[in-house]
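K.L.:
Provided below: my_file_15.pdb, containing PDB, C-alpha atoms.
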MODEL        1
ATOM      1  CA  MET A   1       0.000   0.000   0.000
ATOM      2  CA  PRO A   2       1.460   3.408  -0.949
ATOM      3  CA  ASP A   3       2.249   5.952   1.727
ATOM      4  CA  ALA A   4      -0.317   8.668   2.409
ATOM      5  CA  LEU A   5       0.114  11.805   0.362
ATOM      6  CA  THR A   6       1.949  14.716   1.911
ATOM      7  CA  PHE A   7       0.136  17.965   2.610
ATOM      8  CA  GLU A   8       1.924  19.536  -0.372
ATOM      9  CA  ALA A   9       0.917  16.692  -2.696
ATOM     10  CA  ARG A  10      -2.687  17.007  -1.529
ATOM     11  CA  LEU A  11      -2.565  20.742  -2.243
ATOM     12  CA  ALA A  12      -1.248  20.068  -5.746
ATOM     13  CA  ARG A  13      -4.027  17.565  -6.395
ATOM     14  CA  ALA A  14      -6.623  19.956  -4.985
ATOM     15  CA  LYS A  15      -5.348  22.739  -7.254
ATOM     16  CA  PHE A  16      -5.687  20.542 -10.312
ATOM     17  CA  ARG A  17      -9.190  19.435  -9.312
ATOM     18  CA  ALA A  18     -10.207  23.023  -8.517
ATOM     19  CA  TRP A  19      -9.166  24.301 -11.946
ATOM     20  CA  HIS A  20     -10.517  21.363 -13.980
ATOM     21  CA  ARG A  21     -14.182  21.310 -13.033
ATOM     22  CA  GLY A  22     -15.705  21.137 -16.494
ATOM     23  CA  THR A  23     -17.041  24.666 -16.935
ATOM     24  CA  ARG A  24     -15.247  28.000 -17.024
ATOM     25  CA  GLU A  25     -17.580  29.411 -14.379
ATOM     26  CA  ALA A  26     -16.825  26.644 -11.908
ATOM     27  CA  ASP A  27     -13.112  26.794 -12.718
ATOM     28  CA  PHE A  28     -12.967  30.520 -11.963
ATOM     29  CA  MET A  29     -15.041  30.229  -8.805
ATOM     30  CA  ILE A  30     -13.498  27.115  -7.262
ATOM     31  CA  GLY A  31     -10.022  27.477  -8.745
ATOM     32  CA  GLY A  32      -9.941  31.163  -7.903
ATOM     33  CA  PHE A  33     -10.879  30.358  -4.315
ATOM     34  CA  PHE A  34      -8.048  27.832  -4.135
ATOM     35  CA  ASP A  35      -5.518  30.291  -5.556
ATOM     36  CA  ARG A  36      -6.548  33.061  -3.167
ATOM     37  CA  TYR A  37      -6.675  31.090   0.086
ATOM     38  CA  HIS A  38      -4.699  27.826  -0.068
ATOM     39  CA  THR A  39      -1.481  29.290   1.364
ATOM     40  CA  GLN A  40      -3.339  30.002   4.612
ATOM     41  CA  TRP A  41      -4.847  26.528   5.035
ATOM     42  CA  ASN A  42      -4.141  24.064   7.777
ATOM     43  CA  GLU A  43      -5.053  20.360   7.749
ATOM     44  CA  ALA A  44      -8.714  20.923   8.646
ATOM     45  CA  GLU A  45      -9.191  23.606   6.003
ATOM     46  CA  LEU A  46      -7.608  21.446   3.311
ATOM     47  CA  ARG A  47      -9.856  18.534   4.321
ATOM     48  CA  TRP A  48     -12.881  20.866   4.021
ATOM     49  CA  PHE A  49     -11.804  21.900   0.521
ATOM     50  CA  GLU A  50     -11.101  18.325  -0.556
ATOM     51  CA  ALA A  51     -14.619  17.379   0.559
ATOM     52  CA  LEU A  52     -16.032  20.382  -1.299
ATOM     53  CA  LEU A  53     -14.315  19.189  -4.476
ATOM     54  CA  ASP A  54     -16.313  15.951  -4.232
ATOM     55  CA  GLU A  55     -19.574  17.890  -4.468
ATOM     56  CA  ASP A  56     -21.374  18.790  -7.699
ATOM     57  CA  ASP A  57     -20.312  22.125  -9.187
ATOM     58  CA  VAL A  58     -23.920  23.266  -9.454
ATOM     59  CA  ASP A  59     -24.336  22.826  -5.704
ATOM     60  CA  VAL A  60     -21.030  24.485  -4.786
ATOM     61  CA  MET A  61     -21.807  27.454  -6.995
ATOM     62  CA  ALA A  62     -25.326  27.772  -5.565
ATOM     63  CA  TRP A  63     -23.924  27.794  -2.030
ATOM     64  CA  ALA A  64     -21.312  30.401  -2.969
ATOM     65  CA  LEU A  65     -23.927  32.563  -4.685
ATOM     66  CA  LYS A  66     -26.306  32.091  -1.741
ATOM     67  CA  THR A  67     -29.100  30.773  -3.953
ATOM     68  CA  GLN A  68     -29.273  27.490  -2.000
ATOM     69  CA  PRO A  69     -28.776  26.830   1.708
ATOM     70  CA  VAL A  70     -25.304  25.627   2.628
ATOM     71  CA  PRO A  71     -25.220  22.145   4.199
ATOM     72  CA  HIS A  72     -23.950  22.090   7.761
ATOM     73  CA  ALA A  73     -20.790  20.211   6.721
ATOM     74  CA  PHE A  74     -19.746  23.151   4.522
ATOM     75  CA  SER A  75     -21.001  26.114   6.517
ATOM     76  CA  GLY A  76     -18.520  28.236   8.417
ATOM     77  CA  PRO A  77     -15.657  30.635   7.811
ATOM     78  CA  GLN A  78     -14.382  29.082   4.578
ATOM     79  CA  MET A  79     -17.798  29.123   2.937
ATOM     80  CA  GLU A  80     -18.249  32.702   4.107
ATOM     81  CA  LEU A  81     -15.011  33.589   2.309
ATOM     82  CA  MET A  82     -16.210  31.754  -0.783
ATOM     83  CA  GLN A  83     -19.491  33.654  -0.692
ATOM     84  CA  GLN A  84     -17.684  37.001  -0.870
ATOM     85  CA  LEU A  85     -16.616  36.193  -4.462
ATOM     86  CA  ASP A  86     -13.934  38.904  -4.282
ATOM     87  CA  TYR A  87     -11.316  36.355  -5.316
ATOM     88  CA  VAL A  88     -12.812  35.699  -8.766
ATOM     89  CA  ASP A  89     -10.659  37.276 -11.466
ATOM     90  CA  ILE A  90     -12.242  36.704 -14.854
ATOM     91  CA  PRO A  91      -9.835  37.471 -17.703
ATOM     92  CA  ARG A  92     -11.132  39.617 -20.509
TER
ENDMDL
END
Can you turn what I pasted into C-alpha cells?

P.N.:
Amino acid sequence: MPDALTFEARLARAKFRAWHRGTREADFMIGGFFDRYHTQWNEAELRWFEALLDEDDVDVMAWALKTQPVPHAFSGPQMELMQQLDYVDIPR
C-alpha cells in the first residue's frame, strides 16, 4: 500500500481538481478560491476543501452565490469567504 500523500501533494491535487471542473464558471469560482486562500490553510481547512471538491459544481456554486442553503458540513468561515466572491478574477 502506498504511503499517504503529503500535505503539499494534496494541495497540488486539490489545485488541479479546482481548476478542472468542467465549466469555465466553476473553474474561476473554485479554482480562484483555491488560488486566493490555499497558502493560509491548515489540515482541517484542506480537508474541508477536498470534501467540497467531491460535491457537484452546481451545488457548490449555488452555495457560494447564496441561492441554495449551505449544508452544515460546509457552513462556516471558509464558505463565508467563498461567498464574498472577491477572489474571482475573470480574464477579458

K.L.:
Can you turn the PyMOL selection byres ((chain A and resi 57-74) around 10) into a concrete residue list for this file, as a ChimeraX atom specification?

P.N.:
/A:21-23,25-27,29-30,48-49,51-56,75-85

K.L.:
In Å to one decimal, how far is CA of Gly31 (chain A) from CA of Ala18 (chain A)?

P.N.:
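For CA of Ala18 (chain A) relative to CA of Gly31 (chain A), the distance reads 4.5 Å.
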
K.L.:
Just checking: using all atoms listed in the file, which residue out of A:Phe33, A:Trp41, A:Phe28, A:Tyr87 ends up closest to Arg10 (chain A)?

P.N.:
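Checking each candidate against Arg10 (chain A), we get A:Trp41 as the closest.
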
K.L.:
For CA of Glu45 (chain A) and CA of Phe16 (chain A), quote the distance in Å rounded to one decimal.

P.N.:
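Interatomic distance, CA of Glu45 (chain A) to CA of Phe16 (chain A): 17.0 Å.
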
K.L.:
Tell me which of A:Gln40, A:Glu50, A:Ala4, A:Asp86 sits closest to Arg17 (chain A), counting only C-alpha atoms.

P.N.:
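Closest candidate: A:Glu50.
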
K.L.:
Report, in Å with one decimal, the straight-line distance from CA of Tyr37 (chain A) to CA of Leu5 (chain A).

P.N.:
20.4 Å

K.L.:
Find the residue from A:Val88, A:Thr6, A:Lys15, A:Arg24 that sits nearest to His38 (chain A); use only C-alpha atoms when measuring.

P.N.:
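Smallest distance to His38 (chain A) is found for A:Lys15.
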
K.L.:
With all atoms listed in the file as the atoms that count, which of A:Arg47, A:Arg36, A:His20, A:Arg13 lies nearest to Asp89 (chain A)?

P.N.:
A:Arg36
